[in-house]
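Just input21.cif here, mmCIF, C-alpha atoms:
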```cif
data_target
loop_
_atom_site.label_atom_id
_atom_site.label_comp_id
_atom_site.auth_asym_id
_atom_site.auth_seq_id
_atom_site.Cartn_x
_atom_site.Cartn_y
_atom_site.Cartn_z
CA MET N 383 -15.11 -43.52 -2.16
CA LYS N 384 -17.33 -40.41 -2.40
CA THR N 385 -16.30 -39.45 1.12
CA ILE N 386 -12.62 -39.52 0.20
CA VAL N 387 -13.18 -37.40 -2.92
CA VAL N 388 -15.24 -34.84 -0.97
CA PHE N 389 -12.64 -34.75 1.81
CA CYS N 390 -9.84 -34.18 -0.72
CA MET N 391 -11.80 -31.37 -2.40
CA ILE N 392 -12.41 -29.63 0.94
CA LEU N 393 -8.75 -30.03 1.89
CA MET N 394 -7.58 -28.59 -1.46
CA ALA N 395 -9.97 -25.63 -1.15
CA GLY N 396 -8.67 -24.90 2.35
CA LEU N 397 -5.05 -25.02 1.20
CA ALA N 398 -5.77 -22.73 -1.75
CA ALA N 399 -7.41 -20.03 0.41
CA PRO N 400 -5.20 -17.01 1.08
CA VAL N 401 -3.71 -16.82 4.54
CA ASP N 402 -3.77 -13.51 6.40
CA ASP N 403 -0.37 -13.44 8.05
CA SER N 404 -0.26 -9.68 8.57
CA GLN N 405 0.25 -10.03 12.34
CA ASN N 406 3.48 -11.93 11.70
CA ALA N 407 4.70 -9.82 8.77
CA GLN N 408 8.35 -8.82 8.74
CA ILE N 409 9.83 -5.69 7.19
CA VAL N 410 11.86 -6.78 4.17
CA LYS N 411 12.73 -3.30 2.86
CA TYR N 412 12.85 0.14 4.44
CA GLU N 413 14.31 3.37 3.15
CA SER N 414 13.81 6.86 4.52
CA GLU N 415 15.24 10.24 3.62
CA ASN N 416 14.36 13.36 5.56
CA ILE N 417 15.17 16.35 3.39
CA GLY N 418 14.45 18.79 6.22
CA ILE N 419 11.75 21.40 5.91
CA ASP N 420 11.69 21.00 2.13
CA GLY N 421 10.23 17.48 2.15
CA TYR N 422 10.81 13.79 2.74
CA ARG N 423 10.79 10.40 1.03
CA PHE N 424 10.25 6.88 2.35
CA GLU N 425 9.28 3.41 1.26
CA PHE N 426 8.83 0.01 2.82
CA GLU N 427 7.76 -3.53 1.98
CA THR N 428 6.65 -6.31 4.30
CA SER N 429 6.66 -10.07 3.94
CA ASP N 430 2.86 -10.24 3.62
CA GLY N 431 2.88 -8.29 0.34
CA THR N 432 2.17 -4.84 1.75
CA ALA N 433 4.20 -1.98 0.29
CA ARG N 434 4.14 1.79 0.55
CA GLN N 435 6.16 4.65 -0.90
CA GLU N 436 5.67 8.34 -0.37
CA GLN N 437 7.47 11.59 -1.11
CA ALA N 438 6.68 15.17 -0.24
CA GLU N 439 7.96 18.53 -1.31
CA LEU N 440 7.35 22.06 -0.15
CA ARG N 441 6.00 24.31 -2.89
CA ASN N 442 5.85 28.09 -2.95
CA ALA N 443 7.99 28.38 0.18
CA GLY N 444 7.64 31.64 2.03
CA THR N 445 4.52 32.78 0.18
CA ASP N 446 0.82 32.79 1.07
CA ALA N 447 0.45 29.83 -1.31
CA GLU N 448 3.00 27.67 0.56
CA ALA N 449 1.91 24.03 0.58
CA ILE N 450 3.28 20.55 1.06
CA VAL N 451 2.50 18.24 -1.85
CA VAL N 452 2.55 14.54 -1.04
CA ARG N 453 2.58 11.81 -3.70
CA GLY N 454 2.66 8.14 -3.04
CA SER N 455 1.17 4.70 -3.35
CA TYR N 456 0.45 1.68 -1.26
CA SER N 457 -0.48 -1.86 -2.09
CA TYR N 458 -1.69 -4.89 -0.21
CA VAL N 459 -3.06 -8.35 -0.83
CA GLY N 460 -6.76 -8.48 0.00
CA PRO N 461 -8.62 -11.39 1.60
CA ASP N 462 -9.59 -12.53 -1.91
CA GLY N 463 -5.91 -12.90 -2.88
CA THR N 464 -5.98 -9.87 -5.20
CA GLN N 465 -3.25 -7.26 -4.97
CA TYR N 466 -4.79 -3.81 -4.57
CA VAL N 467 -2.83 -0.68 -5.51
CA ILE N 468 -3.75 2.86 -4.55
CA ASN N 469 -1.89 5.88 -5.95
CA TYR N 470 -2.54 9.24 -4.36
CA VAL N 471 -1.75 12.93 -4.30
CA ALA N 472 -2.43 15.15 -1.31
CA ASP N 473 -2.07 18.86 -1.88
CA GLU N 474 -3.99 22.11 -1.57
CA ASN N 475 -6.85 20.33 -3.38
CA GLY N 476 -7.14 17.59 -0.75
CA PHE N 477 -6.48 13.84 -0.76
CA GLN N 478 -6.94 12.35 -4.24
CA PRO N 479 -6.69 8.54 -4.36
CA GLU N 480 -6.80 6.48 -7.55
CA GLY N 481 -7.08 2.73 -7.95
CA ALA N 482 -8.73 0.25 -10.29
CA HIS N 483 -11.07 -0.85 -7.48
CA ILE N 484 -12.02 2.67 -6.29
CA PRO N 485 -15.29 4.01 -7.75
CA LYS N 486 -14.96 7.24 -9.70
#
```

Show me the file's structure as structure tokens.
Amino acid sequence: MKTIVVFCMILMAGLAAPVDDSQNAQIVKYESENIGIDGYRFEFETSDGTARQEQAELRNAGTDAEAIVVRGSYSYVGPDGTQYVINYVADENGFQPEGAHIPK
């Protein structure tokens, strides 16, 4: 009887573990808008829970301070089953990510 209980517990633990199916992920949403030299916008989602959105704009066009400012976020499901979200800005001050799991 103990063997059956232990076997059932191992089987249940194996079924509850997250499955990494990223190699078989399908795109379920995709949008893209190229605004030309002034910027762009895109977003996508895949069947494995990965998502990303990003937009960029040209600031101070035609001046010495001309820069592209990119804002976006991406999320994914980690091996522990937790959904991780990273928001970021990339501009003249560099890449600046933020997320609950990123040390400050």

Go through the shown structure with the PyMOL selection byres ((chain N and resi 411) around 6) and write out the matching residues as a PyMOL selection string. chain N and resi 409-410+412+426-427

Non-local contacts of Tyr456 (chain N) (8 Å; only C-alpha atoms; under 3 positions in same chain excluded) as a list of chain:residue names: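 Near neighbours after the sequence-gap exclusion: N:Thr432, N:Ala433, N:Arg434, N:Gln435, N:Val467, N:Ile468, N:Asn469.
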
Scan for residues within 6 Å of the point (6.4, -9.2, 8.2) in the coordinates of the file, using only C-alpha atoms, and reply as a PDB file with C-alpha atoms, in the coordinates of the input.
```
ATOM      1  CA  ASN N 406       3.480 -11.930  11.700  1.00  0.00           C
ATOM      2  CA  ALA N 407       4.700  -9.820   8.770  1.00  0.00           C
ATOM      3  CA  GLN N 408       8.350  -8.820   8.740  1.00  0.00           C
ATOM      4  CA  ILE N 409       9.830  -5.690   7.190  1.00  0.00           C
ATOM      5  CA  THR N 428       6.650  -6.310   4.300  1.00  0.00           C
ATOM      6  CA  SER N 429       6.660 -10.070   3.940  1.00  0.00           C
ATOM      7  CA  ASP N 430       2.860 -10.240   3.620  1.00  0.00           C
TER       8      ASP N 430
END
```

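Evaluated against the shown file, the PyMOL selection byres ((chain N and resi 414) around 9) gives Tyr412, Glu413, Glu415, Asn416, Tyr422, Arg423, Phe424, Glu425 and Phe426 of chain N.
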
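Each of N:Ala482, N:Asn475, N:Asp462, N:Gly421 was compared to Ala443 (chain N) using only C-alpha atoms, and N:Gly421 turns out to be the nearest.
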
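CA of Ala472 (chain N) is positioned 12.0 Å from CA of Leu440 (chain N).
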
Selected residue of minimal separation from Gly476 (chain N) among N:Arg453, N:Thr464, N:Tyr458, N:Glu436, counting all atoms listed in the file: N:Arg453

Using only C-alpha atoms, which of N:Gln405, N:Val451, N:Ser457, N:Asp420 sits nearest Glu474 (chain N)?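 Closest candidate: N:Val451.
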
Find, counting only C-alpha atoms, the residue in N:Val459, N:Ile419, N:Pro485, N:Glu480 that gets nearest to Gly444 (chain N). N:Ile419

Env of Arg441 (chain N): 7 Å cut, atoms = all atoms listed in the file, seq-sep filter 3 positions within chain, self excluded. Answer as a list of chain:residue names. N:Glu448, N:Ala449, N:Ile450

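Interatomic distance, CA of Pro479 (chain N) against CA of Ala447 (chain N): 22.7 Å.
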
Work out how far apart CA of Ser404 (chain N) and CA of Gly454 (chain N) are and give it in Å to one decimal.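 A separation of 21.5 Å between them.
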